[in-house]
>>> print(open('final-v7.txt').read())   # compact mmCIF, C-alpha atoms and all ligand atoms
# COMPACT_ATOMS: atom_id res chain seq x y z
CA MET A 278 44.01 -16.15 56.25
CA ALA A 279 46.68 -18.60 55.04
CA ALA A 280 49.31 -16.65 56.99
CA ARG A 281 47.44 -17.36 60.26
CA LEU A 282 46.66 -20.99 59.44
CA GLU A 283 50.18 -22.29 59.96
CA GLY A 284 51.78 -25.37 61.50
CA SER A 285 49.78 -27.60 63.82
CA LYS A 286 46.85 -25.12 63.69
CA LEU A 287 46.13 -26.50 60.21
CA LEU A 288 45.01 -29.77 61.77
CA ILE A 289 42.13 -28.19 63.75
CA PRO A 290 39.85 -27.15 60.84
CA LEU A 291 40.74 -30.39 59.09
CA ALA A 292 39.70 -32.50 62.10
CA LEU A 293 36.49 -30.47 62.46
CA LEU A 294 35.62 -30.86 58.75
CA LEU A 295 36.36 -34.57 58.90
CA ALA A 296 34.15 -35.04 61.99
CA ALA A 297 31.37 -32.94 60.39
CA GLY A 298 31.54 -35.00 57.15
CA VAL A 299 31.32 -38.29 59.06
CA LEU A 300 28.41 -37.05 61.22
CA LEU A 301 26.59 -35.68 58.17
CA ALA A 302 26.91 -39.00 56.33
CA ILE A 303 25.71 -40.95 59.40
CA THR A 304 22.72 -38.61 59.76
CA ALA A 305 21.88 -38.83 56.03
CA ALA A 306 22.25 -42.62 55.90
CA GLY A 307 20.52 -43.30 59.23
CA SER A 308 23.30 -45.35 60.86
CA TYR A 309 27.06 -45.78 60.96
CA LEU A 310 26.92 -49.03 58.97
CA ALA A 311 24.69 -47.51 56.28
CA ALA A 312 27.07 -44.53 56.06
CA LEU A 313 30.15 -46.67 55.35
CA PRO A 314 29.71 -46.84 51.53
CA LEU A 315 29.07 -43.07 51.44
CA LEU A 316 32.29 -42.29 53.28
CA MET A 317 34.73 -44.76 51.73
CA SER A 318 35.61 -42.91 48.50
CA PRO A 319 35.45 -39.31 49.87
CA THR A 320 37.91 -40.13 52.67
CA ALA A 321 40.31 -41.67 50.12
CA ASP A 322 39.87 -38.64 47.81
CA VAL A 323 40.53 -36.01 50.51
CA ALA A 324 43.46 -38.04 51.83
CA PHE A 325 44.88 -38.19 48.31
CA ILE A 326 44.64 -34.40 47.82
CA LEU A 327 46.56 -33.81 51.09
CA PHE A 328 49.07 -36.50 50.13
CA ALA A 329 49.62 -34.94 46.68
CA LEU A 330 50.18 -31.47 48.21
CA ALA A 331 52.76 -32.82 50.68
CA PHE A 332 54.41 -35.02 48.01
CA ALA A 333 54.76 -32.12 45.53
CA ALA A 334 55.54 -29.33 48.04
CA SER A 335 59.33 -29.22 47.67
CA SER A 336 59.16 -29.67 43.87
CA LEU A 337 56.65 -26.82 43.51
CA ALA A 338 58.76 -24.58 45.76
CA ARG A 339 61.78 -25.25 43.54
CA LEU A 340 60.00 -24.92 40.17
CA LEU A 341 57.59 -22.07 41.01
CA PRO A 342 58.93 -20.13 43.98
CA ASN A 343 56.17 -17.85 45.30
CA ALA A 344 54.27 -17.21 48.55
CA GLY A 345 51.84 -20.08 47.93
CA THR A 346 54.48 -22.75 47.25
CA ARG A 347 56.61 -21.48 50.18
CA TYR A 348 53.52 -21.82 52.41
CA LEU A 349 53.05 -25.41 51.22
CA LEU A 350 56.69 -26.26 51.85
CA ARG A 351 56.73 -24.61 55.30
CA ASN A 352 53.62 -26.56 56.30
CA ARG A 353 54.43 -29.83 54.55
CA ARG A 354 54.80 -31.72 57.86
CA TYR A 355 51.29 -30.74 58.99
CA ILE A 356 49.75 -31.37 55.56
CA GLY A 357 51.33 -34.84 55.78
CA LEU A 358 49.91 -35.34 59.28
CA GLY A 359 46.51 -34.19 57.98
CA PHE A 360 46.82 -36.82 55.25
CA ALA A 361 47.54 -39.45 57.93
CA MET A 362 44.50 -38.34 59.96
CA VAL A 363 42.11 -38.61 57.00
CA HIS A 364 43.65 -41.81 55.68
CA PHE A 365 43.46 -43.53 59.08
CA THR A 366 39.76 -42.62 59.02
CA HIS A 367 39.60 -44.51 55.68
CA LEU A 368 41.25 -47.46 57.48
CA ALA A 369 38.70 -47.31 60.33
CA LEU A 370 35.91 -47.43 57.72
CA VAL A 371 37.59 -50.29 55.86
CA LEU A 372 37.98 -52.30 59.10
CA SER A 373 34.37 -51.55 60.12
CA SER A 374 33.15 -52.66 56.71
CA ILE A 375 35.20 -55.89 56.70
CA THR A 376 34.27 -56.89 60.25
CA LEU A 377 30.66 -55.63 60.56
CA VAL A 378 29.15 -55.88 57.06
CA ALA A 379 28.40 -59.28 55.51
CA GLY A 380 30.07 -60.00 52.16
CA GLN A 381 32.75 -57.29 52.50
CA ALA A 382 35.73 -59.62 53.04
CA ARG A 383 38.66 -58.66 50.78
CA GLU A 384 41.26 -60.69 48.95
CA PRO A 385 44.79 -60.85 50.44
CA GLY A 386 45.91 -59.18 47.18
CA THR A 387 44.09 -56.03 48.33
CA LEU A 388 44.72 -56.31 52.05
CA VAL A 389 48.48 -56.98 52.10
CA PRO A 390 49.63 -54.00 49.93
CA GLY A 391 47.11 -51.79 51.81
CA ALA A 392 48.37 -52.96 55.22
CA ILE A 393 51.99 -52.23 54.20
CA ALA A 394 50.90 -48.71 53.12
CA TYR A 395 49.28 -48.14 56.53
CA LEU A 396 52.36 -49.47 58.36
CA LEU A 397 54.57 -47.03 56.41
CA LEU A 398 52.09 -44.21 56.96
CA ALA A 399 52.08 -44.88 60.72
CA LEU A 400 55.91 -44.86 60.80
CA MET A 401 55.98 -41.61 58.82
CA ALA A 402 53.36 -39.98 61.07
CA VAL A 403 55.06 -40.90 64.37
CA THR A 404 58.45 -39.72 63.06
CA SER A 405 57.10 -36.38 61.76
CA ASN A 406 58.74 -34.37 64.54
CA ASP A 407 62.16 -32.82 65.18
CA ALA A 408 63.06 -35.30 67.95
CA SER A 409 62.60 -38.27 65.57
CA VAL A 410 64.70 -36.57 62.88
CA ARG A 411 67.50 -36.21 65.45
CA ARG A 412 67.09 -39.78 66.78
CA LEU A 413 67.03 -41.46 63.34
CA GLY A 414 69.52 -39.06 61.78
CA PRO A 415 68.50 -36.92 58.78
CA ARG A 416 69.68 -39.51 56.21
CA ARG A 417 67.72 -42.47 57.59
CA TRP A 418 64.70 -40.23 58.29
CA LYS A 419 64.72 -39.06 54.68
CA GLN A 420 65.07 -42.63 53.38
CA LEU A 421 62.02 -43.74 55.41
CA HIS A 422 59.90 -40.80 54.27
CA LYS A 423 60.99 -41.06 50.64
CA PHE A 424 60.37 -44.82 50.45
CA GLY A 425 57.06 -44.50 52.32
CA SER A 426 55.75 -41.69 50.15
CA TYR A 427 56.67 -43.41 46.86
CA TYR A 428 55.05 -46.66 48.07
CA ILE A 429 51.84 -44.80 49.03
CA TRP A 430 51.96 -42.95 45.68
CA LEU A 431 52.12 -46.37 43.96
CA ILE A 432 49.05 -47.62 45.85
CA PHE A 433 47.10 -44.48 44.88
CA LEU A 434 48.20 -44.95 41.26
CA ALA A 435 47.19 -48.63 41.27
CA THR A 436 43.83 -47.85 42.92
CA SER A 437 42.96 -45.16 40.41
CA LEU A 438 43.68 -47.29 37.31
CA PRO A 439 40.73 -48.01 34.96
CA SER A 440 40.79 -51.67 36.06
CA ARG A 441 40.14 -50.61 39.72
CA ALA A 442 38.34 -47.41 40.81
CA GLY A 443 38.77 -45.91 37.30
CA ASN A 444 39.38 -42.51 38.83
CA ALA A 445 40.74 -40.40 35.95
CA TRP A 446 41.45 -37.19 37.92
CA MET A 447 43.41 -39.13 40.54
CA LEU A 448 45.38 -41.02 37.90
CA LEU A 449 46.28 -37.73 36.16
CA ALA A 450 47.18 -36.08 39.49
CA CYS A 451 49.44 -39.06 40.36
CA LEU A 452 51.28 -38.64 37.05
CA LEU A 453 51.44 -34.84 37.47
CA VAL A 454 53.04 -34.96 40.93
CA LEU A 455 55.58 -37.51 39.68
CA ALA A 456 56.37 -35.27 36.68
CA LEU A 457 56.84 -32.33 39.06
CA ARG A 458 59.27 -34.33 41.19
CA ILE A 459 61.28 -35.40 38.13
CA ALA A 460 61.38 -31.83 36.76
CA ALA A 461 62.47 -30.45 40.16
CA TYR A 462 65.13 -33.14 40.49
CA ARG A 463 66.51 -32.33 37.04
CA ARG A 464 66.54 -28.61 37.78
CA GLY A 465 68.11 -29.08 41.21
CA ARG A 466 70.85 -31.58 40.26
CA GLY A 467 74.03 -30.30 41.84
CA LYS A 468 72.15 -27.65 43.86
CA LYS A 469 71.05 -27.85 47.49
CA ALA A 470 67.42 -28.99 48.04
CA PRO A 471 65.07 -26.19 49.22
CA ALA A 472 64.24 -28.08 52.46
C1 LIG A 501 43.75 -51.97 53.65
C2 LIG A 501 43.11 -52.25 52.56
C3 LIG A 501 42.09 -51.35 51.94
C4 LIG A 501 40.79 -51.69 51.67
C5 LIG A 501 40.11 -53.00 51.96
C6 LIG A 501 40.19 -50.53 51.03
C7 LIG A 501 38.86 -50.48 50.64
C8 LIG A 501 38.31 -49.47 49.90
C9 LIG A 501 36.92 -49.40 49.49
C10 LIG A 501 35.85 -50.42 49.87
C11 LIG A 501 36.78 -48.30 48.72
C12 LIG A 501 35.49 -47.80 48.08
C13 LIG A 501 35.44 -48.08 46.61
C14 LIG A 501 35.43 -49.55 46.29
O1 LIG A 501 34.53 -50.28 46.74
O2 LIG A 501 36.35 -50.00 45.54
C15 LIG A 501 38.08 -47.69 48.62
C16 LIG A 501 38.35 -46.58 47.87
C17 LIG A 501 39.62 -46.09 47.70
N1 LIG A 501 40.74 -46.37 48.46
FE1 LIG A 501 40.85 -47.80 49.88
N2 LIG A 501 41.11 -49.53 50.92
C18 LIG A 501 42.28 -49.97 51.47
C19 LIG A 501 43.46 -49.26 51.58
C20 LIG A 501 43.76 -48.16 50.82
C21 LIG A 501 45.07 -47.54 50.72
C22 LIG A 501 46.31 -47.98 51.48
C23 LIG A 501 44.95 -46.52 49.81
C24 LIG A 501 45.98 -45.54 49.30
C25 LIG A 501 47.21 -45.41 49.74
C26 LIG A 501 43.58 -46.50 49.37
C27 LIG A 501 43.07 -45.63 48.43
C28 LIG A 501 41.79 -45.66 47.95
C29 LIG A 501 41.34 -44.88 46.82
C30 LIG A 501 42.21 -43.97 45.96
C31 LIG A 501 39.98 -45.16 46.65
C32 LIG A 501 39.08 -44.63 45.53
C33 LIG A 501 38.50 -43.31 45.82
C34 LIG A 501 37.50 -42.95 44.72
O3 LIG A 501 36.79 -43.83 44.22
O4 LIG A 501 37.44 -41.77 44.41
N3 LIG A 501 42.88 -47.48 50.03
N4 LIG A 501 38.99 -48.40 49.37
>>> encode(input="final-v7.txt", output="C-alpha cells")
Amino acid sequence: MAARLEGSKLLIPLALLLAAGVLLAITAAGSYLAALPLLMSPTADVAFILFALAFAASSLARLLPNAGTRYLLRNRRYIGLGFAMVHFTHLALVLSSITLVAGQAREPGTLVPGAIAYLLLALMAVTSNDASVRRLGPRRWKQLHKFGSYYIWLIFLATSLPSRAGNAWMLLACLLVLALRIAAYRRGRGKKAPA
C-alpha cells in the first residue's frame, strides 16, 4: 500500500480526507460558521502530525534506517506540502472566524507571530520543487527551509504550552522531534547527511 502511495499521489487521499472532514463538520454543526470551532483544533492537530513527520524524516532515516523511515524521507517533500495544505485550511478557518464571527478578534501578539509562520510556510511550499532548489541554490534553499521549519516548530511548541492550548501530547511530540534532530546531528557530525 505504502509502496504505491508515493510522491504527489500522497496529496490526493489527504485532500479528500480534509474535504470530507470539513463537510462532515458543516453537516453536523448546521452551517459553516457553526462548524468553525469544531474544525479549528483538528486542523491544527493534523497539520502538526504532518509537520512532525516531515521535520523528523531525515533524523529518523539516520538513526533508524529501515523501509518505513526511508519511505518518510523519500516522501518528505509531499508530506511537507500536505502539512501546508492542512495548515492553510487552519488559516482559512482563522480568517473566517476573525472576520465573520463577533468577538473573535485576536491580539497582535497572536496574529503577528502566526502571520510570520504562514509567510514562511508559503515560501517553503512554493519552493518545494526541483526548479526552485536550482534557482535559489541548494545552500540558500536549505537555509530557508531550516529557518522556516524551526520557526514553525517554535510556534507549535508555544501553542501547546500549558498556558495556551495545554496540549500535552503536542508538547511532548515537539520535544521528541527536537531530541531526534539533535541525536541525528550528533551521530552524523563529520558524515554526509542522508538527503
Ligand atoms: C494567524 C494566527 C492564528 C490564529 C488567530 C489561530 C487561532 C486558533 C484558534 C482559534 C484555535 C482553537 C483553539 C483556541 O481557541 O485557542 C487554534 C488552535 C491551534 N492552532 Fe492556531 N491560529 C493561528 C495560527 C497558528 C499557527 C501559525 C500555528 C502553528 C504553526 C497554529 C497552531 C495551532 C495549534 C497547535 C492549536 C491547538 C490545537 C489543539 O488544541 O489541539 N495556529 N488556533
>>> residues_around(input="final-v7.txt", residues="range 425-427 of chain A", least_positions_apart="6", cutoff="10 Å", atoms="only C-alpha atoms", output="list of chain:residue names")
A:Phe328, A:Ala329, A:Ala331, A:Phe332, A:Gly357, A:Ile393, A:Ala394, A:Tyr395, A:Leu396, A:Leu397, A:Leu398, A:Ala399, A:Leu400, A:Met401, A:Lys419, A:Phe433, A:Leu455
>>> closest_residue(input="final-v7.txt", among="A:Leu368, A:Ala333, A:Leu421, A:Met317", to="Arg353 in chain A", atoms="all atoms listed in the file")
A:Ala333
>>> residues_around(input="final-v7.txt", residues="Leu340 in chain A", least_positions_apart="5", cutoff="10 Å", atoms="all atoms listed in the file", output="list in words")
Ser335, Thr346, Leu457, Arg458, Ala460, Ala461, Tyr462, Arg464 and Gly465 of chain A
>>> residues_near_ligand(input="final-v7.txt", ligand="ligand LIG 501 (chain A)", cutoff="6 Å", atoms="only C-alpha atoms and all ligand atoms", output="list in words")
Met317, Ser318, Ala321, Asp322, Val371, Arg383, Thr387, Leu388, Gly391, Ala392, Ala394, Tyr395, Ile429, Ile432, Phe433, Thr436, Ser437, Ala442 and Asn444 of chain A
>>> atom_distance(input="final-v7.txt", atom1="CA of Leu293 in chain A", atom2="CA of Ala305 in chain A")
18.0 Å
>>> closest_residue(input="final-v7.txt", among="A:Ala297, A:Ala382, A:Val389, A:Leu349", to="Ala334 in chain A", atoms="only C-alpha atoms")
A:Leu349
>>> residues_around(input="final-v7.txt", residues="Ala402 in chain A", least_positions_apart="5", cutoff="10 Å", atoms="all atoms listed in the file", output="VMD selection string")
chain A and resid 354 to 355 357 to 362 396 to 397 422
>>> closest_residue(input="final-v7.txt", among="A:Gly284, A:Gly307, A:Pro439, A:Pro390", to="Asn406 in chain A", atoms="all atoms listed in the file")
A:Gly284
>>> decode(input="final-v7.txt", residues="range 326-408 of chain A", atoms="C-alpha atoms", output="PDB file, in the first residue's frame")
ATOM      1  CA  ILE A 326       1.381  15.469  12.771  1.00  0.00           C
ATOM      2  CA  LEU A 327       2.361  16.010   9.109  1.00  0.00           C
ATOM      3  CA  PHE A 328       4.805  18.741  10.133  1.00  0.00           C
ATOM      4  CA  ALA A 329       6.414  16.485  12.768  1.00  0.00           C
ATOM      5  CA  LEU A 330       6.822  13.627  10.244  1.00  0.00           C
ATOM      6  CA  ALA A 331       8.490  15.936   7.693  1.00  0.00           C
ATOM      7  CA  PHE A 332      10.622  17.639  10.389  1.00  0.00           C
ATOM      8  CA  ALA A 333      11.891  14.314  11.798  1.00  0.00           C
ATOM      9  CA  ALA A 334      12.189  12.385   8.491  1.00  0.00           C
ATOM     10  CA  SER A 335      15.924  12.784   7.882  1.00  0.00           C
ATOM     11  CA  SER A 336      16.776  12.246  11.582  1.00  0.00           C
ATOM     12  CA  LEU A 337      14.713   9.038  11.726  1.00  0.00           C
ATOM     13  CA  ALA A 338      16.309   7.781   8.498  1.00  0.00           C
ATOM     14  CA  ARG A 339      19.754   8.347  10.011  1.00  0.00           C
ATOM     15  CA  LEU A 340      19.012   6.925  13.480  1.00  0.00           C
ATOM     16  CA  LEU A 341      16.716   4.033  12.494  1.00  0.00           C
ATOM     17  CA  PRO A 342      17.344   3.121   8.863  1.00  0.00           C
ATOM     18  CA  ASN A 343      14.526   0.833   7.679  1.00  0.00           C
ATOM     19  CA  ALA A 344      11.871   0.717   4.942  1.00  0.00           C
ATOM     20  CA  GLY A 345       9.467   2.935   6.912  1.00  0.00           C
ATOM     21  CA  THR A 346      11.948   5.727   7.649  1.00  0.00           C
ATOM     22  CA  ARG A 347      13.292   5.578   4.054  1.00  0.00           C
ATOM     23  CA  TYR A 348       9.685   5.966   2.831  1.00  0.00           C
ATOM     24  CA  LEU A 349       9.252   9.032   5.058  1.00  0.00           C
ATOM     25  CA  LEU A 350      12.496  10.571   3.818  1.00  0.00           C
ATOM     26  CA  ARG A 351      11.716   9.851   0.144  1.00  0.00           C
ATOM     27  CA  ASN A 352       8.296  11.474   0.514  1.00  0.00           C
ATOM     28  CA  ARG A 353       9.277  14.294   2.855  1.00  0.00           C
ATOM     29  CA  ARG A 354       8.550  16.979   0.228  1.00  0.00           C
ATOM     30  CA  TYR A 355       4.963  15.772  -0.238  1.00  0.00           C
ATOM     31  CA  ILE A 356       4.386  15.284   3.492  1.00  0.00           C
ATOM     32  CA  GLY A 357       5.540  18.905   3.876  1.00  0.00           C
ATOM     33  CA  LEU A 358       3.173  20.023   1.114  1.00  0.00           C
ATOM     34  CA  GLY A 359       0.373  18.068   2.826  1.00  0.00           C
ATOM     35  CA  PHE A 360       1.201  19.962   6.024  1.00  0.00           C
ATOM     36  CA  ALA A 361       0.927  23.247   4.090  1.00  0.00           C
ATOM     37  CA  MET A 362      -2.456  22.207   2.634  1.00  0.00           C
ATOM     38  CA  VAL A 363      -3.947  21.366   6.044  1.00  0.00           C
ATOM     39  CA  HIS A 364      -2.378  24.341   7.793  1.00  0.00           C
ATOM     40  CA  PHE A 365      -3.646  26.796   5.163  1.00  0.00           C
ATOM     41  CA  THR A 366      -7.091  25.330   5.865  1.00  0.00           C
ATOM     42  CA  HIS A 367      -6.485  26.291   9.532  1.00  0.00           C
ATOM     43  CA  LEU A 368      -5.655  29.809   8.286  1.00  0.00           C
ATOM     44  CA  ALA A 369      -8.871  29.969   6.220  1.00  0.00           C
ATOM     45  CA  LEU A 370     -10.832  28.999   9.353  1.00  0.00           C
ATOM     46  CA  VAL A 371      -8.949  31.541  11.468  1.00  0.00           C
ATOM     47  CA  LEU A 372      -9.648  34.325   8.930  1.00  0.00           C
ATOM     48  CA  SER A 373     -13.324  33.291   8.656  1.00  0.00           C
ATOM     49  CA  SER A 374     -13.643  33.325  12.431  1.00  0.00           C
ATOM     50  CA  ILE A 375     -11.955  36.730  12.844  1.00  0.00           C
ATOM     51  CA  THR A 376     -13.914  38.415  10.057  1.00  0.00           C
ATOM     52  CA  LEU A 377     -17.343  36.724  10.294  1.00  0.00           C
ATOM     53  CA  VAL A 378     -17.844  35.856  13.978  1.00  0.00           C
ATOM     54  CA  ALA A 379     -18.421  38.607  16.557  1.00  0.00           C
ATOM     55  CA  GLY A 380     -15.952  38.735  19.459  1.00  0.00           C
ATOM     56  CA  GLN A 381     -13.256  36.644  17.733  1.00  0.00           C
ATOM     57  CA  ALA A 382     -10.749  39.479  17.151  1.00  0.00           C
ATOM     58  CA  ARG A 383      -7.240  38.459  18.267  1.00  0.00           C
ATOM     59  CA  GLU A 384      -4.412  40.359  19.902  1.00  0.00           C
ATOM     60  CA  PRO A 385      -1.462  41.436  17.701  1.00  0.00           C
ATOM     61  CA  GLY A 386       0.656  39.210  19.996  1.00  0.00           C
ATOM     62  CA  THR A 387      -1.140  36.194  18.488  1.00  0.00           C
ATOM     63  CA  LEU A 388      -1.588  37.477  14.960  1.00  0.00           C
ATOM     64  CA  VAL A 389       1.940  38.722  14.184  1.00  0.00           C
ATOM     65  CA  PRO A 390       3.897  35.512  15.079  1.00  0.00           C
ATOM     66  CA  GLY A 391       1.156  33.474  13.331  1.00  0.00           C
ATOM     67  CA  ALA A 392       1.309  35.630  10.189  1.00  0.00           C
ATOM     68  CA  ILE A 393       5.119  35.243  10.048  1.00  0.00           C
ATOM     69  CA  ALA A 394       4.683  31.448  10.332  1.00  0.00           C
ATOM     70  CA  TYR A 395       2.236  31.484   7.392  1.00  0.00           C
ATOM     71  CA  LEU A 396       4.556  33.688   5.323  1.00  0.00           C
ATOM     72  CA  LEU A 397       7.426  31.231   5.907  1.00  0.00           C
ATOM     73  CA  LEU A 398       5.144  28.271   5.216  1.00  0.00           C
ATOM     74  CA  ALA A 399       4.028  29.846   1.911  1.00  0.00           C
ATOM     75  CA  LEU A 400       7.679  30.447   0.901  1.00  0.00           C
ATOM     76  CA  MET A 401       8.568  26.859   1.812  1.00  0.00           C
ATOM     77  CA  ALA A 402       5.581  25.443  -0.100  1.00  0.00           C
ATOM     78  CA  VAL A 403       6.213  27.407  -3.314  1.00  0.00           C
ATOM     79  CA  THR A 404       9.917  26.482  -3.260  1.00  0.00           C
ATOM     80  CA  SER A 405       9.274  22.761  -2.657  1.00  0.00           C
ATOM     81  CA  ASN A 406      10.241  21.775  -6.198  1.00  0.00           C
ATOM     82  CA  ASP A 407      13.473  20.995  -8.056  1.00  0.00           C
ATOM     83  CA  ALA A 408      13.352  24.192 -10.158  1.00  0.00           C
TER      84      ALA A 408
END
